[in-house]
Amino acid sequence: MGIKDVLEGKKQWRAHVARVKALPPDYRIVYQEMQKYLFKVGPVELSEGDLLADLVDFFEQGAASGQGVLELVGTDVAAFADDLIKDSRTYAELYQESLRAKQA
């Protein structure tokens with residue numbers, strides 16, 4: 001990864017953060033809590049994919065249609081976040097697998 005890649009990544013992240021800041025307050029709060037949770041759980045696809053960008057897209061569409069954020073995700077936000085990553089491998093799982101492989 002060269003310096004150009006790092007700079008491009010930062011540029012994309014700043015644009016992403018600007019989109020989040022433009023969300024209505026209730027959407028922004030739910031997004032930020034989900035982001036914290038996803039960063040803590042650590043699904044591998046989070047750093048490799050577009051999960052967070054897709055979530056912002058989803059929230060932007062909901063806000064544009066006049067729906068409340070809880071109408072989109074339901075009252076159990078944690079369950080919604082878990083459903084997003086239910087088939088994803090986490091870094092914790094990869095670590096456990098590497099430990100088991102070393103023991104074998």
# chains A, B, ... in the order shown; residues from 1 in each chain; ligands from 1

$ select_by_dssp --residues "chain A" --states "helix (DSSP H, G or I)" --output "PyMOL selection string"
chain A and resi 3-21+25-41+44-48+51-64+69-73+77-84+91-103

$ write_last_selection --atoms "C-alpha atoms" --output "short mmCIF file (atom, residue, chain, number, x, y, z; two decimals), in the first residue's frame"
data_model
loop_
_atom_site.label_atom_id
_atom_site.label_comp_id
_atom_site.auth_asym_id
_atom_site.auth_seq_id
_atom_site.Cartn_x
_atom_site.Cartn_y
_atom_site.Cartn_z
CA ILE A 3 1.15 6.75 0.06
CA LYS A 4 -1.38 7.45 -2.71
CA ASP A 5 -3.54 4.58 -1.44
CA VAL A 6 -3.38 5.90 2.11
CA LEU A 7 -4.32 9.41 0.99
CA GLU A 8 -7.18 8.10 -1.14
CA GLY A 9 -8.42 6.03 1.81
CA LYS A 10 -8.40 9.09 4.06
CA LYS A 11 -10.23 11.10 1.41
CA GLN A 12 -12.91 8.43 1.12
CA TRP A 13 -13.26 8.18 4.92
CA ARG A 14 -13.66 11.96 5.26
CA ALA A 15 -16.39 11.90 2.58
CA HIS A 16 -18.06 9.06 4.46
CA VAL A 17 -17.95 10.98 7.75
CA ALA A 18 -19.42 14.03 6.02
CA ARG A 19 -22.34 11.90 4.80
CA VAL A 20 -22.91 10.62 8.33
CA LYS A 21 -22.87 14.17 9.73
CA PRO A 25 -29.83 13.49 14.43
CA ASP A 26 -31.70 10.26 15.24
CA TYR A 27 -30.19 8.48 12.24
CA ARG A 28 -26.72 9.79 13.11
CA ILE A 29 -26.97 8.52 16.69
CA VAL A 30 -28.08 5.04 15.61
CA TYR A 31 -25.39 4.91 12.91
CA GLN A 32 -22.64 5.94 15.35
CA GLU A 33 -23.72 3.34 17.91
CA MET A 34 -23.82 0.64 15.24
CA GLN A 35 -20.40 1.71 13.97
CA LYS A 36 -18.93 1.44 17.48
CA TYR A 37 -20.43 -2.01 17.87
CA LEU A 38 -19.17 -3.20 14.49
CA PHE A 39 -15.67 -1.87 15.19
CA LYS A 40 -15.69 -3.73 18.51
CA VAL A 41 -16.99 -7.02 17.08
CA VAL A 44 -13.51 -9.10 8.53
CA GLU A 45 -15.72 -7.63 5.80
CA LEU A 46 -15.83 -4.29 7.61
CA SER A 47 -12.36 -3.30 6.44
CA GLU A 48 -12.64 -5.07 3.10
CA LEU A 51 -20.82 -2.36 4.87
CA LEU A 52 -20.68 1.09 6.48
CA ALA A 53 -21.21 2.91 3.18
CA ASP A 54 -24.19 0.67 2.42
CA LEU A 55 -25.59 1.42 5.86
CA VAL A 56 -25.32 5.18 5.22
CA ASP A 57 -27.02 4.67 1.82
CA PHE A 58 -29.84 2.80 3.57
CA PHE A 59 -30.20 5.53 6.20
CA GLU A 60 -30.12 8.32 3.60
CA GLN A 61 -32.91 6.63 1.66
CA GLY A 62 -34.97 6.16 4.81
CA ALA A 63 -34.51 9.77 5.85
CA ALA A 64 -35.38 11.00 2.35
CA VAL A 69 -34.74 5.37 11.91
CA LEU A 70 -36.47 2.89 14.22
CA GLU A 71 -39.03 2.21 11.48
CA LEU A 72 -36.11 1.00 9.35
CA VAL A 73 -34.07 -0.95 11.87
CA VAL A 77 -30.82 -1.92 17.04
CA ALA A 78 -28.30 -4.47 18.32
CA ALA A 79 -30.25 -7.31 16.71
CA PHE A 80 -30.31 -5.37 13.44
CA ALA A 81 -26.53 -4.92 13.60
CA ASP A 82 -26.06 -8.60 14.40
CA ASP A 83 -28.21 -9.54 11.41
CA LEU A 84 -25.99 -7.42 9.16
CA TYR A 91 -11.13 -11.29 13.69
CA ALA A 92 -11.74 -13.00 17.03
CA GLU A 93 -12.81 -16.17 15.19
CA LEU A 94 -9.74 -16.02 12.95
CA TYR A 95 -7.54 -15.67 16.02
CA GLN A 96 -9.19 -18.65 17.74
CA GLU A 97 -8.73 -20.73 14.59
CA SER A 98 -5.04 -19.81 14.42
CA LEU A 99 -4.59 -20.84 18.06
CA ARG A 100 -6.27 -24.19 17.40
CA ALA A 101 -4.09 -24.74 14.36
CA LYS A 102 -0.94 -24.12 16.43
CA GLN A 103 -2.09 -26.63 19.04
#

$ atom_distance --atom1 "CA of Ala22 (chain A)" --atom2 "CA of Pro43 (chain A)"
25.8 Å
